[in-house]
Amino acid sequence: MLSLAGGLLLDMLLDCWNIPAQIEHGRGGKPRVRNHPEVYVSLTHSYPYAAAVISDRPCGIDLERRDRELEAVARRYFTQDEKAYSGGDRARTTDIWCRKECCIKYDKPRDVRFIDTFAIPEDYCYHSFPIEGFSFEVLAPRGDYMFHEVIFHRGGMLL
């Protein structure tokens, strides 16, 4: 259901850009818009939420529950500075992991063996959104953006 919701969000975003919604999956399962290499998309979901982003430049989005056990991931993939910052705190650990996932989704899949060396691209920044119990990040070029919340209900949706 969450994958379907993410697909519907992408369809809505593409409709706003007047682009026929023809999503295909490229290398590593990354979604892309058929016949529109100038359009970049990214999806994420974590029950009960789904989110999507569309941009004319590479982007990444991730949403993670803060109750996940990520200590082993942190030991393996965090830099010393990230480990010191997180200090074993689940919220901070999840925030860092969420940002790393954005870097993985940015532009093209990357080899996760080198995830501890990921840095945000020049002229990019993270946009953080508060959702209780979750880390929610968007990696996008610096600039002004419009963010919309769409709520799907069994009987329809709200914008």
# chains A, B, ... in the order shown; residues from 1 in each chain; ligands from 1
$ closest_atom_pairs --of "stretch 29-59 of chain A" --to "stretch 12-18 of chain A" --cutoff "9 Å" --atoms "only C-alpha atoms" --output "JSON lines"
{"residue": "A:Val33", "atom": "CA", "partner": "A:Leu14", "partner_atom": "CA", "distance": 8.9}
{"residue": "A:Ala52", "atom": "CA", "partner": "A:Leu13", "partner_atom": "CA", "distance": 8.2}
{"residue": "A:Val53", "atom": "CA", "partner": "A:Leu13", "partner_atom": "CA", "distance": 7.8}
{"residue": "A:Ile54", "atom": "CA", "partner": "A:Leu13", "partner_atom": "CA", "distance": 6.8}
$ residues_around --residues "A:Ser128" --least-positions-apart "2" --cutoff "12 Å" --atoms "only C-alpha atoms" --output "NGL selection string"
:A and (61-63 or 95-96 or 98-99 or 102 or 125-126 or 130-131 or 134-140 or 147)
$ write_last_selection --atoms "C-alpha atoms" --output "short mmCIF file (atom, residue, chain, number, x, y, z; two decimals), in the first residue's frame"
data_model
loop_
_atom_site.label_atom_id
_atom_site.label_comp_id
_atom_site.auth_asym_id
_atom_site.auth_seq_id
_atom_site.Cartn_x
_atom_site.Cartn_y
_atom_site.Cartn_z
CA ILE A 61 14.41 11.63 0.14
CA ASP A 62 14.18 9.32 3.12
CA LEU A 63 11.86 8.66 6.03
CA ASP A 95 18.71 11.28 11.65
CA ILE A 96 22.24 10.50 10.45
CA CYS A 98 18.24 9.01 7.10
CA ARG A 99 20.63 11.58 5.62
CA CYS A 102 19.27 10.48 0.95
CA CYS A 125 21.32 21.06 1.66
CA TYR A 126 18.97 18.95 3.74
CA PRO A 130 9.21 17.16 11.94
CA ILE A 131 7.09 14.02 12.27
CA PHE A 134 10.40 9.69 12.59
CA SER A 135 13.38 11.22 10.83
CA PHE A 136 12.34 12.78 7.53
CA GLU A 137 14.92 14.40 5.24
CA VAL A 138 15.10 15.70 1.69
CA LEU A 139 18.46 16.31 0.00
CA ALA A 140 18.02 18.93 -2.71
CA PHE A 147 6.30 21.30 -0.07
#
$ closest_residue --among "A:Ile23, A:Ala50, A:Ala91, A:Val39" --to "A:Arg68" --atoms "only C-alpha atoms"
A:Ala91
$ residues_around --residues "A:Leu70" --least-positions-apart "4" --cutoff "8 Å" --atoms "only C-alpha atoms" --output "PyMOL selection string"
chain A and resi 74+90+93-94
$ select_by_dssp --residues "stretch 31-153 of chain A" --states "helix (DSSP H, G or I)" --output "ChimeraX atom specification"
/A:71-77,80-86,90-105,112-117
$ closest_residue --among "A:Glu101, A:Glu24, A:Glu132, A:Asp123" --to "A:Tyr77" --atoms "only C-alpha atoms"
A:Glu101
$ closest_residue --among "A:Lys100, A:Pro141, A:Arg75, A:Asp81" --to "A:Cys59" --atoms "only C-alpha atoms"
A:Pro141
$ select_by_dssp --residues "chain A" --states "strand (DSSP E or B)" --output "PyMOL selection string"
chain A and resi 23-25+31-33+40-46+49-55+60-65+124-128+131+134-141+151-153+156-158
$ atom_distance --atom1 "atom CA of A:Arg142" --atom2 "atom CA of A:Glu38"
17.8 Å
$ residues_around --residues "A:Tyr49" --least-positions-apart "3" --cutoff "8 Å" --atoms "only C-alpha atoms" --output "ChimeraX atom specification"
/A:2,45-46
$ closest_residue --among "A:Leu10, A:Ala72, A:Ile120, A:Ala84" --to "A:Arg32" --atoms "only C-alpha atoms"
A:Leu10
